[in-house]
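Next up, data20.cif (mmCIF, C-alpha atoms):
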```cif
data_start
#
loop_
_atom_site.label_atom_id
_atom_site.label_comp_id
_atom_site.auth_asym_id
_atom_site.auth_seq_id
_atom_site.Cartn_x
_atom_site.Cartn_y
_atom_site.Cartn_z
CA MET A 1 158.48 113.38 103.59
CA ALA A 2 160.75 115.72 101.68
CA GLY A 3 161.36 115.10 97.99
CA TYR A 4 159.80 112.58 95.65
CA TYR A 5 162.19 109.67 95.25
CA HIS A 6 163.01 107.38 98.20
CA PRO A 7 165.00 104.16 97.66
CA GLU A 8 162.99 102.24 100.25
CA GLN A 9 159.88 102.73 98.13
CA LEU A 10 161.22 100.21 95.62
CA GLY A 11 160.80 97.49 98.23
CA LYS A 12 157.17 98.53 98.69
CA PHE A 13 156.29 98.24 95.01
CA ALA A 14 153.87 95.37 95.64
CA GLU A 15 151.81 97.62 97.91
CA ILE A 16 150.54 99.38 94.81
CA ALA A 17 147.97 96.55 94.74
CA GLU A 18 146.09 98.23 97.57
CA GLY A 19 144.12 100.49 95.24
CA HIS A 20 143.31 97.83 92.66
CA PRO A 21 144.48 94.28 93.42
CA GLN A 22 143.35 92.77 90.14
CA LEU A 23 145.20 95.22 87.94
CA ALA A 24 148.32 94.89 90.09
CA GLU A 25 148.18 91.12 89.94
CA GLN A 26 147.84 91.20 86.17
CA PHE A 27 150.66 93.70 85.83
CA PHE A 28 153.09 91.76 88.02
CA ALA A 29 152.26 88.48 86.29
CA TYR A 30 152.88 90.12 82.93
CA TYR A 31 156.11 91.68 84.26
CA ALA A 32 157.38 88.31 85.47
CA SER A 33 156.61 86.76 82.10
CA VAL A 34 158.43 89.52 80.26
CA PHE A 35 161.61 88.94 82.27
CA ALA A 36 161.54 85.14 82.17
CA GLU A 37 164.19 83.43 80.05
CA GLY A 38 162.87 83.13 76.51
CA ALA A 39 164.25 83.85 73.09
CA LEU A 40 166.38 86.40 74.93
CA THR A 41 168.39 85.46 78.00
CA GLY A 42 167.72 86.95 81.42
CA ARG A 43 171.02 88.78 81.12
CA GLU A 44 170.10 90.32 77.78
CA LYS A 45 166.75 91.44 79.17
CA ALA A 46 168.40 92.94 82.24
CA LEU A 47 170.78 94.95 80.03
CA ILE A 48 167.87 96.17 77.90
CA ALA A 49 165.98 97.12 81.06
CA LEU A 50 169.01 98.99 82.36
CA ALA A 51 169.23 101.00 79.15
CA VAL A 52 165.49 101.74 79.14
CA ALA A 53 165.67 102.71 82.83
CA HIS A 54 168.12 105.44 81.88
CA ALA A 55 166.02 106.50 78.91
CA VAL A 56 162.94 106.93 81.11
CA GLN A 57 165.15 108.23 83.94
CA CYS A 58 163.59 106.00 86.60
CA PRO A 59 165.90 105.89 89.66
CA TYR A 60 164.14 102.84 91.07
CA CYS A 61 164.64 100.98 87.80
CA ILE A 62 168.30 102.05 87.59
CA ASP A 63 168.98 100.62 91.06
CA ALA A 64 167.01 97.45 90.37
CA TYR A 65 168.55 96.71 86.99
CA SER A 66 172.09 97.68 87.93
CA GLN A 67 171.82 94.97 90.59
CA ALA A 68 170.11 92.58 88.19
CA CYS A 69 172.80 93.06 85.53
CA LEU A 70 175.55 92.37 88.07
CA GLU A 71 173.72 89.26 89.28
CA HIS A 72 173.44 88.07 85.68
CA GLY A 73 177.21 88.30 85.37
CA ALA A 74 177.53 91.59 83.48
CA ASP A 75 180.37 93.93 84.36
CA LEU A 76 180.58 97.73 84.39
CA GLU A 77 181.94 97.95 80.86
CA GLN A 78 179.09 95.91 79.44
CA MET A 79 176.51 97.85 81.46
CA THR A 80 178.00 101.15 80.31
CA GLU A 81 177.79 100.03 76.69
CA ALA A 82 174.08 99.27 77.25
CA LEU A 83 173.62 102.73 78.75
CA HIS A 84 175.25 104.31 75.71
CA VAL A 85 172.76 102.54 73.48
CA ALA A 86 170.02 104.45 75.32
CA VAL A 87 172.04 107.64 75.11
CA ALA A 88 172.60 107.16 71.39
CA ILE A 89 168.92 106.53 70.73
CA ARG A 90 167.88 109.51 72.83
CA GLY A 91 170.46 111.71 71.15
CA GLY A 92 169.60 110.36 67.74
CA ALA A 93 165.91 110.97 68.38
CA SER A 94 166.66 114.62 68.97
CA LEU A 95 169.05 114.88 66.10
CA VAL A 96 166.77 113.22 63.57
CA HIS A 97 164.18 115.92 64.31
CA GLY A 98 166.77 118.27 62.91
CA VAL A 99 165.76 117.04 59.47
CA GLN A 100 162.38 118.67 60.09
CA MET A 101 164.24 121.84 60.99
CA LEU A 102 166.41 121.51 57.93
CA GLU A 103 163.47 121.03 55.60
CA HIS A 104 161.68 123.98 57.18
CA VAL A 105 164.70 126.18 56.64
CA ARG A 106 165.10 124.96 53.07
CA LYS A 107 161.45 125.60 52.32
CA THR A 108 161.21 129.03 53.85
CA GLY A 109 164.67 130.29 53.09
CA MET A 110 165.86 131.83 49.85
CA MET B 1 184.02 88.59 113.55
CA LYS B 2 181.39 85.96 114.38
CA SER B 3 178.27 86.08 112.27
CA GLU B 4 176.13 86.34 115.43
CA THR B 5 177.09 89.98 115.67
CA LEU B 6 175.66 90.83 112.27
CA PRO B 7 172.53 92.99 112.08
CA GLY B 8 169.18 91.47 111.24
CA THR B 9 166.91 89.23 113.22
CA ALA B 10 166.24 86.18 111.08
CA SER B 11 167.58 82.94 112.51
CA PHE B 12 168.67 80.36 109.97
CA GLU B 13 167.25 77.58 112.14
CA ALA B 14 163.90 79.40 112.34
CA VAL B 15 163.74 79.80 108.58
CA LEU B 16 164.62 76.11 108.18
CA ALA B 17 161.77 75.23 110.53
CA GLU B 18 159.35 77.36 108.50
CA HIS B 19 160.13 75.09 105.58
CA GLY B 20 159.70 71.87 107.52
CA TRP B 21 163.33 71.17 108.43
CA ALA B 22 164.00 70.33 112.06
CA GLY B 23 167.64 71.35 111.80
CA LEU B 24 170.26 70.10 109.37
CA HIS B 25 171.64 66.59 109.66
CA ALA B 26 174.34 64.73 107.81
CA THR B 27 173.73 62.62 104.76
CA ARG B 28 176.26 60.09 103.46
CA LEU B 29 179.80 61.43 103.76
CA GLU B 30 181.16 61.99 100.26
CA ILE B 31 183.65 64.83 100.46
CA PHE B 32 186.74 64.85 102.69
CA GLN B 33 187.86 68.47 102.66
CA MET B 34 191.22 69.51 104.06
CA ASN B 35 192.45 73.05 104.54
CA LEU B 36 196.20 72.69 104.11
CA GLY B 37 196.94 76.15 105.47
CA ARG B 38 196.21 79.81 105.03
CA LEU B 39 199.44 80.65 103.26
CA CYS B 40 198.74 82.03 99.79
CA ASN B 41 200.67 83.93 97.15
CA MET B 42 197.61 86.16 96.73
CA ALA B 43 195.48 88.27 99.11
CA CYS B 44 192.08 88.49 97.42
CA ARG B 45 189.60 91.04 98.73
CA HIS B 46 186.76 88.51 98.96
CA CYS B 47 188.79 85.75 100.67
CA HIS B 48 186.73 84.32 103.52
CA VAL B 49 189.79 82.52 104.90
CA ASP B 50 191.82 85.75 105.14
CA ALA B 51 194.66 83.95 103.42
CA GLY B 52 197.82 85.70 102.26
CA PRO B 53 201.58 85.62 101.93
CA ASP B 54 202.01 86.42 105.62
CA ARG B 55 200.03 83.42 106.93
CA THR B 56 203.05 81.19 107.30
CA ASP B 57 202.16 80.11 110.84
CA GLN B 58 198.96 78.29 109.91
CA MET B 59 200.03 75.29 107.88
CA MET B 60 198.77 71.72 108.23
CA SER B 61 201.58 69.59 109.63
CA ARG B 62 202.66 66.19 108.33
CA GLU B 63 201.35 64.63 111.54
CA THR B 64 197.91 66.13 111.00
CA ILE B 65 197.94 65.06 107.35
CA ASP B 66 198.67 61.50 108.49
CA ASN B 67 195.80 61.79 110.99
CA CYS B 68 193.58 62.90 108.12
CA LEU B 69 194.61 59.91 105.98
CA THR B 70 193.83 57.56 108.87
CA ALA B 71 190.43 59.21 109.28
CA LEU B 72 189.85 59.12 105.52
CA ASP B 73 190.34 55.36 105.58
CA ARG B 74 187.49 55.12 108.08
CA THR B 75 185.03 56.84 105.75
CA GLU B 76 183.40 56.08 102.43
CA ALA B 77 184.25 59.52 101.06
CA HIS B 78 185.01 59.29 97.35
CA THR B 79 186.55 62.75 96.99
CA VAL B 80 189.42 64.50 98.74
CA ASP B 81 189.01 68.26 98.42
CA LEU B 82 192.23 70.19 99.02
CA THR B 83 191.91 73.86 99.84
CA GLY B 84 193.80 76.66 101.54
CA GLY B 85 195.23 79.36 101.12
CA ALA B 86 197.05 77.94 98.20
CA PRO B 87 197.10 74.22 99.08
CA GLU B 88 200.07 73.69 96.76
CA LEU B 89 202.22 75.76 99.13
CA ASN B 90 201.98 73.11 101.83
CA PRO B 91 205.29 71.19 101.62
CA HIS B 92 203.42 67.89 101.91
CA PHE B 93 200.92 68.66 99.13
CA ARG B 94 202.36 66.24 96.56
CA ASP B 95 202.76 63.41 99.05
CA LEU B 96 199.17 63.91 100.16
CA VAL B 97 197.86 63.87 96.59
CA ASP B 98 199.74 60.63 95.91
CA GLU B 99 198.39 59.08 99.11
CA ALA B 100 194.81 60.01 98.20
CA ILE B 101 195.19 58.82 94.60
CA SER B 102 196.65 55.52 95.80
CA ARG B 103 193.48 55.06 97.84
CA GLY B 104 191.39 55.45 94.69
CA LYS B 105 190.04 58.85 95.68
CA HIS B 106 189.03 61.64 93.32
CA VAL B 107 191.22 64.60 94.27
CA LEU B 108 190.25 68.25 93.87
CA ASP B 109 192.94 70.92 93.93
CA ARG B 110 191.30 74.28 94.72
CA CYS B 111 193.84 76.32 92.85
CA ASN B 112 194.16 80.10 92.65
CA LEU B 113 195.64 79.63 89.14
CA SER B 114 198.39 82.23 89.63
CA ILE B 115 200.38 79.76 91.76
CA LEU B 116 201.03 77.82 88.55
CA LEU B 117 203.16 80.72 87.30
CA VAL B 118 205.52 80.54 90.29
CA PRO B 119 208.66 78.96 88.81
CA ARG B 120 208.95 76.08 91.28
CA PHE B 121 205.38 75.03 90.43
CA ALA B 122 205.86 75.20 86.66
CA ASP B 123 205.62 71.40 86.36
CA LEU B 124 202.39 71.23 88.37
CA PRO B 125 199.87 71.16 85.47
CA GLU B 126 201.57 68.07 84.00
CA TRP B 127 202.10 66.54 87.44
CA LEU B 128 198.43 66.95 88.37
CA ALA B 129 197.32 65.74 84.94
CA GLU B 130 199.32 62.52 85.26
CA ARG B 131 197.38 61.75 88.44
CA GLY B 132 193.94 62.75 87.17
CA VAL B 133 193.56 65.49 89.77
CA GLU B 134 190.64 67.82 89.08
CA VAL B 135 191.74 71.46 89.09
CA VAL B 136 189.13 73.83 90.51
CA GLY B 137 190.48 77.22 89.58
CA SER B 138 189.33 80.55 90.99
CA LEU B 139 188.42 83.12 88.38
CA PRO B 140 185.92 85.71 89.64
CA HIS B 141 184.89 86.83 86.14
CA HIS B 142 185.73 85.96 82.56
CA ARG B 143 186.66 89.58 81.93
CA ARG B 144 189.50 91.57 83.42
CA ARG B 145 187.71 94.30 85.38
CA ASN B 146 185.88 92.24 87.98
CA THR B 147 188.70 89.74 88.32
CA ASP B 148 191.35 92.36 89.04
CA ALA B 149 188.91 94.19 91.33
CA LEU B 150 188.89 91.16 93.64
CA ARG B 151 192.37 89.76 93.14
CA GLY B 152 194.56 92.74 92.37
CA ASP B 153 195.93 94.32 89.21
CA GLY B 154 197.45 91.80 86.84
CA ALA B 155 195.68 88.81 88.39
CA TYR B 156 193.47 88.35 85.36
CA ALA B 157 196.40 88.19 82.95
CA ARG B 158 198.21 85.70 85.20
CA SER B 159 195.06 83.57 85.46
CA ILE B 160 194.67 83.45 81.70
CA GLU B 161 198.29 82.37 81.31
CA ALA B 162 197.71 79.65 83.94
CA LEU B 163 194.67 78.44 82.00
CA ARG B 164 196.81 78.25 78.86
CA ARG B 165 199.30 76.05 80.72
CA LEU B 166 196.52 73.85 82.05
CA ASN B 167 195.06 73.51 78.56
CA ALA B 168 198.54 72.57 77.29
CA ALA B 169 198.61 69.78 79.89
CA GLY B 170 195.29 68.49 78.58
CA TYR B 171 193.01 70.18 81.09
CA GLY B 172 189.70 71.75 80.11
CA ARG B 173 189.23 69.80 76.89
CA GLY B 174 186.52 67.35 77.95
CA ASP B 175 188.84 64.61 79.27
CA PRO B 176 187.30 63.39 82.55
CA ARG B 177 190.82 62.65 83.88
CA ARG B 178 191.92 66.22 83.21
CA ARG B 179 188.90 68.11 84.41
CA LEU B 180 189.18 71.87 84.78
CA THR B 181 186.41 73.62 86.69
CA LEU B 182 186.32 77.39 87.19
CA VAL B 183 184.82 79.08 90.23
CA SER B 184 183.26 82.52 89.93
CA ASN B 185 182.51 84.85 92.83
CA PRO B 186 180.67 88.17 92.54
CA ALA B 187 182.91 91.24 92.70
CA GLY B 188 180.70 93.06 95.18
CA ALA B 189 177.52 93.03 97.24
CA PHE B 190 175.37 91.06 94.85
CA LEU B 191 174.49 87.42 94.31
CA ALA B 192 176.19 85.04 91.93
CA GLY B 193 174.55 84.60 88.55
CA LYS B 194 172.98 81.35 87.42
CA GLN B 195 175.88 79.10 86.55
CA CYS B 196 173.88 77.22 83.91
CA ALA B 197 173.34 80.51 82.08
CA LEU B 198 176.83 81.85 82.70
CA GLU B 199 178.79 78.76 81.68
CA PRO B 200 178.13 78.92 77.92
CA GLU B 201 178.80 82.66 77.93
CA TRP B 202 182.10 82.17 79.79
CA LYS B 203 183.17 79.35 77.48
CA ALA B 204 182.46 81.41 74.39
CA ALA B 205 184.13 84.53 75.77
CA LEU B 206 187.32 82.86 77.03
CA ALA B 207 187.68 80.90 73.80
CA ARG B 208 187.08 83.99 71.68
CA ASP B 209 189.20 86.41 73.70
CA HIS B 210 192.07 84.15 74.76
CA GLY B 211 191.73 80.77 73.08
CA VAL B 212 191.43 78.97 76.44
CA THR B 213 188.88 76.31 77.38
CA PHE B 214 187.48 74.77 80.55
CA ASP B 215 184.98 72.05 81.42
CA ALA B 216 182.54 73.51 83.94
CA LEU B 217 181.71 76.68 85.81
CA ILE B 218 180.69 76.99 89.45
CA ALA B 219 179.10 80.29 90.52
CA LEU B 220 179.23 80.88 94.29
CA ASN B 221 177.84 83.61 96.52
CA ASN B 222 180.27 85.40 98.79
CA MET B 223 179.73 84.57 102.45
CA PRO B 224 179.46 87.54 104.81
CA ILE B 225 182.56 86.53 106.74
CA GLY B 226 186.29 87.25 106.66
CA ARG B 227 187.67 89.94 104.37
CA PHE B 228 184.39 90.19 102.45
CA LEU B 229 182.52 90.98 105.67
CA ALA B 230 185.06 93.68 106.51
CA TRP B 231 184.51 95.22 103.07
CA LEU B 232 180.72 95.04 103.46
CA GLN B 233 181.00 96.93 106.73
CA GLU B 234 183.45 99.52 105.46
CA SER B 235 181.48 100.19 102.29
CA GLY B 236 178.08 100.46 103.99
CA ASN B 237 176.76 97.42 102.11
CA LEU B 238 176.32 95.01 105.02
CA SER B 239 172.62 95.50 105.78
CA GLY B 240 171.65 95.56 102.13
CA TYR B 241 173.63 92.40 101.38
CA LEU B 242 172.15 90.51 104.32
CA GLU B 243 168.66 91.58 103.25
CA ARG B 244 169.48 90.36 99.75
CA LEU B 245 170.57 86.95 101.10
CA LEU B 246 167.48 86.65 103.28
CA GLY B 247 165.15 87.82 100.54
CA ALA B 248 166.61 85.31 98.10
CA PHE B 249 166.30 82.33 100.47
CA ASN B 250 165.51 79.29 98.33
CA PRO B 251 164.28 76.21 100.24
CA VAL B 252 165.09 73.98 97.26
CA THR B 253 168.78 74.41 98.10
CA ILE B 254 168.56 72.90 101.60
CA ALA B 255 168.67 69.23 100.69
CA GLY B 256 171.93 69.59 98.77
CA LEU B 257 173.88 71.82 101.14
CA MET B 258 177.53 70.81 101.16
CA CYS B 259 177.73 70.68 104.94
CA ARG B 260 175.51 67.60 104.83
CA ASN B 261 177.89 65.39 102.82
CA THR B 262 181.23 66.96 103.76
CA ILE B 263 183.75 66.84 106.55
CA SER B 264 185.91 69.94 106.72
CA ILE B 265 189.28 69.63 108.46
CA GLY B 266 191.06 72.79 109.52
CA TRP B 267 194.81 73.28 109.11
CA ASP B 268 195.16 72.43 112.81
CA GLY B 269 193.16 69.21 112.56
CA SER B 270 189.93 70.64 113.98
CA ILE B 271 186.74 69.19 112.49
CA HIS B 272 183.97 71.40 111.11
CA ASP B 273 180.77 71.08 109.14
CA CYS B 274 182.08 73.32 106.36
CA ASP B 275 185.00 75.62 105.71
CA PHE B 276 182.92 78.70 106.54
CA ASN B 277 182.27 77.33 110.03
CA GLN B 278 185.98 76.55 110.12
CA VAL B 279 186.85 80.21 109.57
CA LEU B 280 184.32 81.26 112.20
CA ALA B 281 185.79 78.74 114.68
CA ILE B 282 182.49 76.87 114.89
CA PRO B 283 183.51 73.22 115.41
CA ALA B 284 181.37 70.27 114.45
CA GLU B 285 179.15 68.90 117.19
CA SER B 286 181.16 66.71 119.50
CA PRO B 287 179.99 64.21 122.14
CA ALA B 288 182.58 65.44 124.60
CA GLY B 289 181.61 69.04 124.04
CA LYS B 290 185.15 69.96 123.06
CA VAL B 291 186.55 70.93 119.67
CA PRO B 292 186.73 67.65 117.77
CA HIS B 293 190.13 66.78 116.31
CA VAL B 294 190.78 64.56 113.33
CA ARG B 295 193.12 62.31 115.37
CA ASP B 296 190.05 61.36 117.46
CA PHE B 297 187.72 61.07 114.48
CA ASP B 298 184.59 59.09 115.27
CA PRO B 299 182.82 58.29 111.98
CA VAL B 300 179.68 57.00 113.68
CA HIS B 301 179.13 60.10 115.74
CA PHE B 302 180.09 62.36 112.88
CA GLN B 303 177.45 60.77 110.70
CA GLN B 304 174.79 61.29 113.37
CA ARG B 305 175.66 64.87 114.26
CA ARG B 306 173.43 67.87 113.91
CA ILE B 307 175.03 70.51 111.72
CA ARG B 308 175.76 73.81 113.41
CA THR B 309 174.34 76.78 111.60
CA ALA B 310 174.60 80.53 111.91
CA ARG B 311 173.53 83.54 109.93
CA HIS B 312 176.21 83.16 107.26
CA CYS B 313 174.39 79.98 106.16
CA PHE B 314 171.96 82.22 104.28
CA GLY B 315 174.82 82.71 101.82
CA CYS B 316 174.54 79.07 100.77
CA THR B 317 170.75 79.12 100.40
CA ALA B 318 170.33 82.38 98.47
CA GLY B 319 169.20 82.27 94.87
CA ALA B 320 170.38 79.13 93.13
CA GLY B 321 172.38 78.28 96.25
CA SER B 322 176.08 77.75 96.69
CA SER B 323 178.12 74.75 97.63
CA CYS B 324 181.65 73.69 96.93
CA GLY B 325 180.15 71.82 94.01
CA GLY B 326 178.28 74.88 92.76
CA ALA B 327 174.63 75.85 92.48
CA LEU B 328 172.05 73.66 94.21
CA ALA B 329 168.94 74.65 92.23
CA ASP B 330 168.11 75.74 88.68
#
```
Please, can you express the file's structure as structure tokens?
Amino acid sequence: MAGYYHPEQLGKFAEIAEGHPQLAEQFFAYYASVFAEGALTGREKALIALAVAHAVQCPYCIDAYSQACLEHGADLEQMTEALHVAVAIRGGASLVHGVQMLEHVRKTGM
Amino acid sequence: MKSETLPGTASFEAVLAEHGWAGLHATRLEIFQMNLGRLCNMACRHCHVDAGPDRTDQMMSRETIDNCLTALDRTEAHTVDLTGGAPELNPHFRDLVDEAISRGKHVLDRCNLSILLVPRFADLPEWLAERGVEVVGSLPHHRRRNTDALRGDGAYARSIEALRRLNAAGYGRGDPRRRLTLVSNPAGAFLAGKQCALEPEWKAALARDHGVTFDALIALNNMPIGRFLAWLQESGNLSGYLERLLGAFNPVTIAGLMCRNTISIGWDGSIHDCDFNQVLAIPAESPAGKVPHVRDFDPVHFQQRRIRTARHCFGCTAGAGSSCGGALAD
């Protein structure tokens, strides 16, 4: 099998239980609880998951939560805004390290 | 295209049997649905009826409407559900509404909203309101993008203006005699959202963005038939969508399927279990083995019939389910 990412593998996610059923069962139960309607709506959680999927650059998650967002009634504009939240945080995380750079330069420079 | 030609192997009847249902049978007849014709001022990309401005040849005649009224009088149906095309374009639409109202029936007008902006229908919101007709308006999404994607550029703006006119006539403000229901369809190969979750969001968004109100939201899956099926095939989404419908099969939806409490009359008077079967030319079961016609309506046999299913039925049982009245499960 060439390459690492194959879309059909998403549908086989449950097979990960083969190596350790108990841990898989606990993980999937936890996962289901996380995404259940709670203080946040299912739609809000799907949009958060979509943003995080881009932050962690998981192609399976991007497919899964693009579909989930659509099925929760979100449209492309709303999904793109969620994506930009991830982009902003990732960019900001890099940029804020610049303060370390700045302080280093200030300390060592004349 | 008939749904039997679609890929995939699951039989709807087999899946029903797995869940303890020996086929689908009728319950008490409540909804008398009439397709008044396939003529429409719009040509939406998801339309399962393939309606449009060029469908002038498929219009329910006055004779067939009279046959329907005779048949209606032989049932206990409490609701007359008028659909199309744009049902308002049938020249006998207003007479039919008055006939149904005079019989004490609740009348639903499945309205594409934009028809209300056509000058000769400008009085329709008030006219419908005076008669207590429920308006069931199509609006794929509460935002512009997904609405125009399905219905064409500018459709969203026209729909919002139509909602303003309906609100001005008293619709969508909680009055049970001026009930305004909106129907949402997904703009693509994905399932409808949960209408109970979507409704408050839609109400808040439409009020905030446009100052318009409505009473209830129905969220329906798109059936893999008609124009939507053609798009699924052309876009390479057919297999994935069918897998999605099959994977989301929800047995809780079976008991409330609309085909069980509905009679669906085609523009030509043919009798069907639902309007999807109507489009696929699947007639209701008939003792004579021929296509049953409303002029020969036999209420006893109709009540005892077995409902004819095919693969598109998975569209009504996926997720929260879909019926003309909306979701069938939480």
*asked:* I need the contact residues of chain B against chain A, so if you could list those with any atom within 6 Å, counting all atoms listed in the file, and return them as a list in words, that would help.
replied: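 Interface list for chain B against chain A: Leu191, Ala192 and Gly193 of chain B.
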Expansion of the PyMOL selection byres ((chain B and resi 147-153) around 8) into residues, as a ChimeraX atom specification: /B:42-46,139-146,154-156,187
Quiz prompt | Ile62 of chain A surroundings by all atoms listed in the file, 7 Å radius, close-in-sequence under 6 positions cut, as number ranges by chain | solution = A: 50, 53-54
Review point. Can you tell me, as JSON, numbers by chain, what residues are no more than 12 Å from Leu10 of chain A when counting all atoms listed in the file, ignoring any on the same chain fewer than 5 positions away?
Key: {"A": [5, 15, 16, 58, 59, 60, 61, 62, 63, 64, 65]}
- Message: To one decimal place in Å, what is the distance between atom CA of His48 of chain B and atom CA of Ala26 of chain B?
- Response: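 Pair atom CA of His48 of chain B / atom CA of Ala26 of chain B returns 23.6 Å.
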Identify, on the basis of only C-alpha atoms, every residue whose closest approach to segment 64-76 of chain B does not exceed 10 Å; exclude the query and any residue fewer than 3 positions from it along the same chain; express the result as a ChimeraX atom specification.
/B:28-34,36,59-61,79-80,92-93,95-96,99-100,103,105,263,265-270,293-300,303
Can I get the selected residues back with C-alpha atoms, as a PDB file, keeping the file's coordinate frame?
```
ATOM      1  CA  ARG B  28     176.260  60.090 103.460  1.00  0.00           C
ATOM      2  CA  LEU B  29     179.800  61.430 103.760  1.00  0.00           C
ATOM      3  CA  GLU B  30     181.160  61.990 100.260  1.00  0.00           C
ATOM      4  CA  ILE B  31     183.650  64.830 100.460  1.00  0.00           C
ATOM      5  CA  PHE B  32     186.740  64.850 102.690  1.00  0.00           C
ATOM      6  CA  GLN B  33     187.860  68.470 102.660  1.00  0.00           C
ATOM      7  CA  MET B  34     191.220  69.510 104.060  1.00  0.00           C
ATOM      8  CA  LEU B  36     196.200  72.690 104.110  1.00  0.00           C
ATOM      9  CA  MET B  59     200.030  75.290 107.880  1.00  0.00           C
ATOM     10  CA  MET B  60     198.770  71.720 108.230  1.00  0.00           C
ATOM     11  CA  SER B  61     201.580  69.590 109.630  1.00  0.00           C
ATOM     12  CA  THR B  79     186.550  62.750  96.990  1.00  0.00           C
ATOM     13  CA  VAL B  80     189.420  64.500  98.740  1.00  0.00           C
ATOM     14  CA  HIS B  92     203.420  67.890 101.910  1.00  0.00           C
ATOM     15  CA  PHE B  93     200.920  68.660  99.130  1.00  0.00           C
ATOM     16  CA  ASP B  95     202.760  63.410  99.050  1.00  0.00           C
ATOM     17  CA  LEU B  96     199.170  63.910 100.160  1.00  0.00           C
ATOM     18  CA  GLU B  99     198.390  59.080  99.110  1.00  0.00           C
ATOM     19  CA  ALA B 100     194.810  60.010  98.200  1.00  0.00           C
ATOM     20  CA  ARG B 103     193.480  55.060  97.840  1.00  0.00           C
ATOM     21  CA  LYS B 105     190.040  58.850  95.680  1.00  0.00           C
ATOM     22  CA  ILE B 263     183.750  66.840 106.550  1.00  0.00           C
ATOM     23  CA  ILE B 265     189.280  69.630 108.460  1.00  0.00           C
ATOM     24  CA  GLY B 266     191.060  72.790 109.520  1.00  0.00           C
ATOM     25  CA  TRP B 267     194.810  73.280 109.110  1.00  0.00           C
ATOM     26  CA  ASP B 268     195.160  72.430 112.810  1.00  0.00           C
ATOM     27  CA  GLY B 269     193.160  69.210 112.560  1.00  0.00           C
ATOM     28  CA  SER B 270     189.930  70.640 113.980  1.00  0.00           C
ATOM     29  CA  HIS B 293     190.130  66.780 116.310  1.00  0.00           C
ATOM     30  CA  VAL B 294     190.780  64.560 113.330  1.00  0.00           C
ATOM     31  CA  ARG B 295     193.120  62.310 115.370  1.00  0.00           C
ATOM     32  CA  ASP B 296     190.050  61.360 117.460  1.00  0.00           C
ATOM     33  CA  PHE B 297     187.720  61.070 114.480  1.00  0.00           C
ATOM     34  CA  ASP B 298     184.590  59.090 115.270  1.00  0.00           C
ATOM     35  CA  PRO B 299     182.820  58.290 111.980  1.00  0.00           C
ATOM     36  CA  VAL B 300     179.680  57.000 113.680  1.00  0.00           C
ATOM     37  CA  GLN B 303     177.450  60.770 110.700  1.00  0.00           C
TER      38      GLN B 303
END
```
Atom CA of Val15 of chain B sits from atom CA of Phe249 of chain B at a separation of 8.9 Å
- Expected residue set, 12 Å radius at (181.8, 72.4, 111.1), all atoms listed in the file, as a PyMOL selection string: chain B and resi 24-26+33+258-266+269-286+291-293+302+305-310+313
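Among the candidate residues B:Ala230, B:Pro87, B:Ser235, B:Arg208, the one lying nearest to Arg110 of chain B is B:Pro87, with distances computed using all atoms listed in the file.
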Just checking: using all atoms listed in the file, which residue out of A:Lys12, A:Ala39, A:Met79, A:Phe27 ends up closest to Ser66 of chain A?
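Result for the nearest residue to Ser66 of chain A: A:Met79.
A straight line drawn from atom CA of Gly52 of chain B to atom CA of Cys40 of chain B is 4.5 Å long.
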Check: What does the PyMOL selection byres ((chain B and resi 219) around 7) select in this file, as number ranges by chain?
Finding: B: 183-185, 192-195, 217-218, 220-221, 326-327
If you count all atoms listed in the file, the residue of B:Arg244, B:Arg179, B:Arg38, B:His19 closest to Leu89 of chain B turns out to be B:Arg38
Practice task
Determine, counting all atoms listed in the file, which protein, DNA and RNA residues have an atom within 12 Å of an atom of Arg90 of chain A; residues of the same chain fewer than 6 positions away are not included. Present the result as a VMD selection string.
Solution key: chain A and resid 51 to 52 54 to 57 83 to 84 96 to 97
Which of A:Ala82, A:Ser94, A:Met101, A:Ala29 sits closest to Ala49 of chain A [using all atoms listed in the file]:
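That would be A:Ala82, the residue with the smallest distance to Ala49 of chain A.
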Could you pull the residues within 8 Å of Thr181 of chain B, counting all atoms listed in the file, minus those fewer than 5 positions along the same chain, as an MDAnalysis selection string? chainID B and resid 134:137 172 214:218
